[in-house]
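Source file input-v1.txt; content: compact mmCIF, C-alpha atoms.
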```txt
# COMPACT_ATOMS: atom_id res chain seq x y z
CA MET A 26 119.81 131.94 -13.76
CA THR A 27 119.54 134.75 -16.32
CA HIS A 28 121.89 134.57 -19.29
CA SER A 29 121.34 137.76 -21.28
CA PRO A 30 121.82 140.58 -21.72
CA VAL A 31 125.19 140.79 -19.94
CA ALA A 32 125.70 144.07 -18.13
CA PRO A 33 129.12 145.78 -18.06
CA LEU A 34 131.39 143.93 -15.66
CA GLU A 35 132.21 145.38 -12.26
CA ALA A 36 135.65 144.78 -10.79
CA VAL A 37 137.81 145.15 -7.70
CA HIS A 38 141.01 147.09 -8.35
CA VAL A 39 144.22 146.59 -6.36
CA PRO A 40 146.54 149.32 -7.71
CA ALA A 41 150.26 148.97 -8.19
CA GLN A 42 152.67 150.62 -5.81
CA GLY A 43 154.20 153.23 -8.05
CA SER A 44 154.19 152.97 -11.82
CA ALA A 45 152.62 149.66 -12.88
CA ALA A 46 155.08 147.19 -14.42
CA GLY A 47 152.25 145.05 -15.77
CA LEU A 48 148.65 144.01 -15.37
CA VAL A 49 147.14 140.89 -13.81
CA VAL A 50 143.45 140.03 -14.28
CA ILE A 51 142.09 137.32 -11.96
CA LEU A 52 138.76 135.51 -12.49
CA HIS A 53 136.98 133.92 -9.53
CA GLY A 54 135.33 130.51 -9.49
CA TRP A 55 131.70 129.34 -9.48
CA GLY A 56 130.00 130.98 -6.52
CA GLY A 57 133.06 133.06 -5.68
CA ASN A 58 133.57 136.80 -5.90
CA PRO A 59 136.41 139.27 -6.51
CA GLN A 60 136.64 140.34 -2.88
CA GLU A 61 137.68 136.83 -1.82
CA LEU A 62 140.45 136.59 -4.40
CA ALA A 63 141.68 140.12 -3.70
CA GLN A 64 142.80 138.89 -0.28
CA LEU A 65 145.37 136.67 -2.01
CA VAL A 66 147.02 139.47 -3.97
CA PRO A 67 149.45 140.58 -1.19
CA TYR A 68 150.71 136.99 -0.89
CA LEU A 69 151.93 137.06 -4.50
CA GLY A 70 154.61 139.52 -3.42
CA LEU A 71 154.41 141.52 -6.64
CA PRO A 72 153.20 144.98 -5.57
CA GLN A 73 154.60 146.59 -8.71
CA LEU A 74 151.70 145.10 -10.71
CA ASP A 75 148.19 146.44 -11.27
CA TYR A 76 145.46 143.90 -10.36
CA HIS A 77 141.90 143.88 -11.63
CA LEU A 78 139.40 141.26 -10.46
CA PRO A 79 136.08 141.34 -12.32
CA ALA A 80 132.84 139.82 -11.04
CA GLY A 81 131.06 137.24 -13.14
CA PRO A 82 127.86 138.70 -14.65
CA LEU A 83 125.55 135.90 -13.43
CA ARG A 84 124.24 135.47 -9.91
CA HIS A 85 124.87 132.15 -8.22
CA PRO A 86 121.58 130.28 -7.64
CA GLN A 87 122.31 129.48 -3.97
CA LEU A 88 125.00 131.86 -2.65
CA ALA A 89 123.88 135.43 -1.99
CA GLN A 90 127.32 136.95 -2.67
CA GLY A 91 128.32 134.36 -5.23
CA ARG A 92 128.82 135.10 -8.91
CA ALA A 93 129.27 132.91 -11.98
CA TRP A 94 130.67 133.17 -15.49
CA TYR A 95 128.24 130.74 -17.09
CA ASP A 96 125.57 128.29 -15.96
CA LEU A 97 127.32 125.27 -14.47
CA SER A 98 123.98 123.86 -13.33
CA ARG A 99 123.11 123.14 -16.98
CA ILE A 100 126.44 122.04 -18.34
CA GLY A 101 128.40 120.66 -15.39
CA ILE A 102 132.16 120.77 -14.99
CA GLY A 103 134.25 119.78 -17.97
CA PRO A 104 134.18 120.14 -21.76
CA LEU A 105 131.19 121.78 -23.43
CA SER A 106 128.36 119.40 -24.22
CA GLY A 107 125.99 121.81 -25.98
CA GLY A 108 123.07 123.85 -24.73
CA GLU A 109 122.62 127.49 -23.81
CA THR A 110 124.79 128.29 -20.81
CA GLY A 111 125.47 132.01 -21.12
CA LEU A 112 129.10 131.33 -22.05
CA PRO A 113 129.17 133.14 -25.44
CA GLN A 114 127.62 136.30 -23.95
CA THR A 115 129.97 136.29 -20.97
CA ARG A 116 133.03 135.64 -23.13
CA GLN A 117 132.15 138.64 -25.31
CA ALA A 118 131.49 140.83 -22.27
CA LEU A 119 134.83 139.84 -20.75
CA HIS A 120 136.60 140.47 -24.06
CA THR A 121 135.04 143.93 -24.30
CA TRP A 122 135.99 144.64 -20.69
CA LEU A 123 139.62 143.61 -21.33
CA GLU A 124 139.84 145.91 -24.33
CA LYS A 125 138.52 148.83 -22.28
CA LEU A 126 140.93 147.96 -19.48
CA GLU A 127 143.84 148.22 -21.91
CA THR A 128 142.62 151.65 -22.99
CA ASP A 129 142.06 152.83 -19.43
CA THR A 130 145.38 151.60 -18.03
CA GLY A 131 147.60 152.00 -21.08
CA ILE A 132 149.05 148.54 -20.35
CA PRO A 133 149.24 146.42 -23.53
CA PRO A 134 148.38 142.73 -23.91
CA ALA A 135 152.10 141.91 -23.97
CA ARG A 136 152.26 143.08 -20.32
CA THR A 137 148.97 141.48 -19.23
CA ILE A 138 148.43 138.15 -17.47
CA LEU A 139 144.96 136.55 -17.37
CA ALA A 140 144.45 134.11 -14.49
CA GLY A 141 141.53 132.24 -13.00
CA PHE A 142 140.52 129.72 -10.36
CA SER A 143 138.13 126.81 -11.04
CA GLN A 144 135.39 128.13 -13.37
CA GLY A 145 137.51 131.26 -13.70
CA GLY A 146 140.37 129.04 -14.90
CA ALA A 147 138.08 127.52 -17.51
CA MET A 148 137.11 131.03 -18.66
CA THR A 149 140.77 132.06 -18.73
CA LEU A 150 141.65 129.29 -21.18
CA ASN A 151 138.47 129.69 -23.21
CA LEU A 152 138.92 133.41 -23.81
CA GLY A 153 142.70 133.64 -23.64
CA LEU A 154 143.26 131.11 -26.40
CA GLN A 155 140.90 132.97 -28.73
CA LEU A 156 142.25 136.52 -28.49
CA SER A 157 143.67 137.87 -31.74
CA THR A 158 146.45 139.62 -29.83
CA PRO A 159 148.06 137.15 -27.40
CA LEU A 160 148.44 138.10 -23.76
CA ALA A 161 151.73 137.70 -21.90
CA GLY A 162 150.43 134.53 -20.28
CA LEU A 163 147.45 132.55 -18.99
CA ILE A 164 147.13 130.89 -15.58
CA CYS A 165 144.58 128.15 -14.93
CA LEU A 166 144.27 127.05 -11.29
CA SER A 167 142.05 124.03 -10.55
CA GLY A 168 140.27 124.58 -13.85
CA TRP A 169 139.54 122.76 -17.08
CA LEU A 170 139.48 123.14 -20.86
CA LEU A 171 136.02 123.89 -22.25
CA GLU A 172 136.80 123.59 -25.96
CA LEU A 173 139.63 122.60 -28.24
CA PRO A 174 141.88 125.62 -28.83
CA PRO A 175 141.21 127.36 -32.16
CA GLU A 176 143.96 127.94 -34.69
CA PRO A 177 145.89 130.94 -33.35
CA ARG A 178 145.97 134.15 -35.36
CA ALA A 179 149.23 135.28 -33.81
CA GLY A 180 150.36 132.33 -31.69
CA TYR A 181 149.16 130.97 -28.37
CA PRO A 182 150.25 132.66 -25.14
CA PRO A 183 152.31 130.62 -22.65
CA ILE A 184 150.18 128.88 -20.02
CA LEU A 185 150.55 127.71 -16.43
CA ILE A 186 148.21 124.93 -15.29
CA ALA A 187 148.30 124.11 -11.58
CA HIS A 188 146.02 121.53 -9.95
CA GLY A 189 145.70 119.70 -6.64
CA ARG A 190 145.99 115.92 -6.64
CA GLN A 191 143.29 115.74 -3.94
CA ASP A 192 140.84 118.05 -5.72
CA GLN A 193 137.37 116.60 -5.11
CA VAL A 194 135.54 119.34 -7.04
CA VAL A 195 137.41 119.41 -10.36
CA PRO A 196 139.10 116.03 -10.96
CA LEU A 197 142.83 116.00 -11.62
CA SER A 198 142.09 114.14 -14.86
CA PHE A 199 140.57 117.36 -16.25
CA ALA A 200 143.88 119.17 -15.79
CA GLN A 201 145.74 116.26 -17.35
CA ARG A 202 143.37 116.29 -20.32
CA ALA A 203 143.96 120.02 -20.79
CA ARG A 204 147.72 119.42 -20.54
CA ASP A 205 147.66 116.73 -23.23
CA ILE A 206 145.53 118.77 -25.62
CA LEU A 207 147.55 121.95 -25.21
CA GLN A 208 150.86 120.13 -25.58
CA ALA A 209 149.56 118.55 -28.80
CA ALA A 210 148.67 122.07 -30.00
CA LYS A 211 152.29 123.13 -29.37
CA VAL A 212 151.39 125.57 -26.62
CA THR A 213 154.26 126.65 -24.36
CA LEU A 214 153.00 125.01 -21.18
CA ARG A 215 154.08 124.83 -17.55
CA TYR A 216 152.11 122.05 -15.87
CA ALA A 217 152.29 121.38 -12.13
CA GLU A 218 150.43 119.10 -9.70
CA PHE A 219 150.37 119.80 -5.97
CA GLU A 220 149.42 117.94 -2.80
CA ALA A 221 146.30 120.04 -2.40
CA GLY A 222 142.54 120.02 -2.76
CA HIS A 223 140.33 122.55 -4.53
CA GLU A 224 142.25 125.50 -3.16
CA VAL A 225 145.09 127.95 -3.68
CA THR A 226 147.93 126.99 -1.35
CA PRO A 227 151.18 128.87 -0.62
CA GLU A 228 153.02 126.42 -2.89
CA ILE A 229 150.64 127.18 -5.75
CA LEU A 230 151.04 130.92 -5.16
CA THR A 231 154.82 130.47 -5.39
CA ALA A 232 154.41 128.79 -8.79
CA VAL A 233 152.09 131.58 -9.93
CA GLN A 234 154.57 134.22 -8.80
CA ALA A 235 157.43 132.52 -10.65
CA PHE A 236 155.37 132.28 -13.84
CA ILE A 237 154.36 135.94 -13.70
CA ARG A 238 157.94 137.03 -13.02
CA ALA A 239 159.17 135.02 -16.00
CA ARG A 240 156.48 136.26 -18.37
CA LEU A 241 156.83 139.94 -17.40
CA SER A 242 160.63 139.85 -16.86
CA LEU A 243 160.36 141.07 -13.29
```
Starting from the file, lay out its structure as structure tokens.
Amino acid sequence: MTHSPVAPLEAVHVPAQGSAAGLVVILHGWGGNPQELAQLVPYLGLPQLDYHLPAGPLRHPQLAQGRAWYDLSRIGIGPLSGGETGLPQTRQALHTWLEKLETDTGIPPARTILAGFSQGGAMTLNLGLQLSTPLAGLICLSGWLLELPPEPRAGYPPILIAHGRQDQVVPLSFAQRARDILQAAKVTLRYAEFEAGHEVTPEILTAVQAFIRARLSL
């Protein structure tokens, strides 16, 4: 798996119906791709939003259409344990891409939600907690916390963490650990467990929709 340099990110765009009331960026998981997640967008029931789904810059070692954000084969799931994984390069590339997206769309961070599933959820927390200008909110689905959150420059954004109790890929304990750390850091947190595996169920989508509506005043 090649880590550098990181090429500009490519993305799937699902445009808003009419003038966009906000922006939602969704990051796929390890071995996933934007096209898969784009199929979930209609089920959110928020067509007034602009959706952008970038592809991870790394190719998955086994899946032909699979992409990755950093090298899970070296680090495994969970908190960082050292070693070169491609994470710093990807985080910078994603940050640069988000800044360009703001310029291209004219939608500010205060109207932008960053969300992710599994490894994409880990990336969402890792980048979203480090941005100097907070986003409207972060959504971590079946993910985990890679690092302790840094001291915020302008406050942490509100966060939704949703996880399945039967998740056999990312243990529920990882979500609970993230919950405890973020609560101790005084982050505004909505934490929810569901009777689900490593998946996005209709119940989870309902929680995501409610969080987005609350954060963007829809």
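Distance annotation: of A:Val49, A:Asn58, A:Leu112, A:Gly141, the residue with the minimal separation from A:Gln90 is A:Asn58; atom set is only C-alpha atoms.
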Quick one, how far is atom CA of A:Ala41 from atom CA of A:Pro59?
17.0 Å
Two-atom distance - atom CA of A:Leu171, atom CA of A:Tyr95 (Å):
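Between these atoms lies a distance of 11.6 Å.
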Stretch 144-161 of chain A environment, 7 Å, all atoms listed in the file, sequence neighbours closer than 3 positions dropped, as an MDAnalysis selection string:
chainID A and resid 52:55 116 134:141 165:172 174:175 178:182 240
Save out the residues we just selected, C-alpha atoms, as an mmCIF file, keeping the file's coordinate frame.
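Below is the file selection30.cif, written as the result:
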```
data_model
loop_
_atom_site.group_PDB
_atom_site.id
_atom_site.type_symbol
_atom_site.label_atom_id
_atom_site.label_comp_id
_atom_site.auth_asym_id
_atom_site.auth_seq_id
_atom_site.Cartn_x
_atom_site.Cartn_y
_atom_site.Cartn_z
ATOM 1 C CA LEU A 52 138.760 135.510 -12.490
ATOM 2 C CA HIS A 53 136.980 133.920 -9.530
ATOM 3 C CA GLY A 54 135.330 130.510 -9.490
ATOM 4 C CA TRP A 55 131.700 129.340 -9.480
ATOM 5 C CA ARG A 116 133.030 135.640 -23.130
ATOM 6 C CA PRO A 134 148.380 142.730 -23.910
ATOM 7 C CA ALA A 135 152.100 141.910 -23.970
ATOM 8 C CA ARG A 136 152.260 143.080 -20.320
ATOM 9 C CA THR A 137 148.970 141.480 -19.230
ATOM 10 C CA ILE A 138 148.430 138.150 -17.470
ATOM 11 C CA LEU A 139 144.960 136.550 -17.370
ATOM 12 C CA ALA A 140 144.450 134.110 -14.490
ATOM 13 C CA GLY A 141 141.530 132.240 -13.000
ATOM 14 C CA CYS A 165 144.580 128.150 -14.930
ATOM 15 C CA LEU A 166 144.270 127.050 -11.290
ATOM 16 C CA SER A 167 142.050 124.030 -10.550
ATOM 17 C CA GLY A 168 140.270 124.580 -13.850
ATOM 18 C CA TRP A 169 139.540 122.760 -17.080
ATOM 19 C CA LEU A 170 139.480 123.140 -20.860
ATOM 20 C CA LEU A 171 136.020 123.890 -22.250
ATOM 21 C CA GLU A 172 136.800 123.590 -25.960
ATOM 22 C CA PRO A 174 141.880 125.620 -28.830
ATOM 23 C CA PRO A 175 141.210 127.360 -32.160
ATOM 24 C CA ARG A 178 145.970 134.150 -35.360
ATOM 25 C CA ALA A 179 149.230 135.280 -33.810
ATOM 26 C CA GLY A 180 150.360 132.330 -31.690
ATOM 27 C CA TYR A 181 149.160 130.970 -28.370
ATOM 28 C CA PRO A 182 150.250 132.660 -25.140
ATOM 29 C CA ARG A 240 156.480 136.260 -18.370
#
```
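For the choices A:Ala36, A:Val233, A:Leu65, A:Ala80, the atom-to-atom distance to A:Trp94 is smallest for A:Ala80 when using only C-alpha atoms.
Picture a line from atom CA of A:Gln191 to atom CA of A:Gly222; it runs 4.5 Å.
The closest residue to A:Leu34, picked from A:Gln193, A:Thr231, A:Thr121, A:Thr130 and counting all atoms listed in the file, is A:Thr121.
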Exercise: A:His85 partners within 9 Å, only C-alpha atoms, chain neighbours under 3 positions left out, as a PDB file with C-alpha atoms, in the frame of the given file:
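Output file result.pdb is given in full below:
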```
ATOM      1  CA  MET A  26     119.810 131.940 -13.760  1.00  0.00           C
ATOM      2  CA  TRP A  55     131.700 129.340  -9.480  1.00  0.00           C
ATOM      3  CA  GLY A  56     130.000 130.980  -6.520  1.00  0.00           C
ATOM      4  CA  GLY A  57     133.060 133.060  -5.680  1.00  0.00           C
ATOM      5  CA  LEU A  88     125.000 131.860  -2.650  1.00  0.00           C
ATOM      6  CA  ALA A  89     123.880 135.430  -1.990  1.00  0.00           C
ATOM      7  CA  GLN A  90     127.320 136.950  -2.670  1.00  0.00           C
ATOM      8  CA  GLY A  91     128.320 134.360  -5.230  1.00  0.00           C
ATOM      9  CA  ARG A  92     128.820 135.100  -8.910  1.00  0.00           C
ATOM     10  CA  ALA A  93     129.270 132.910 -11.980  1.00  0.00           C
ATOM     11  CA  ASP A  96     125.570 128.290 -15.960  1.00  0.00           C
TER      12      ASP A  96
END
```
Fewer than 6 positions away in the same chain doesn't count, so skip those; otherwise give me all residues within 12 Å of stretch 225-228 of chain A, counting only C-alpha atoms, as a list in words.
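Result of the neighbour search: His53, Gly54, Glu61, Leu62, Gln64, Leu65, Val66, Pro67, Tyr68, Leu69, Gly70, Gly141, Phe142, Ser143, Cys165, Leu166, Ser167, Gly168, Ala187, His188, Gly189, Asp192, Ala217, Glu218, Phe219, Gln234 and Ala235 of chain A.
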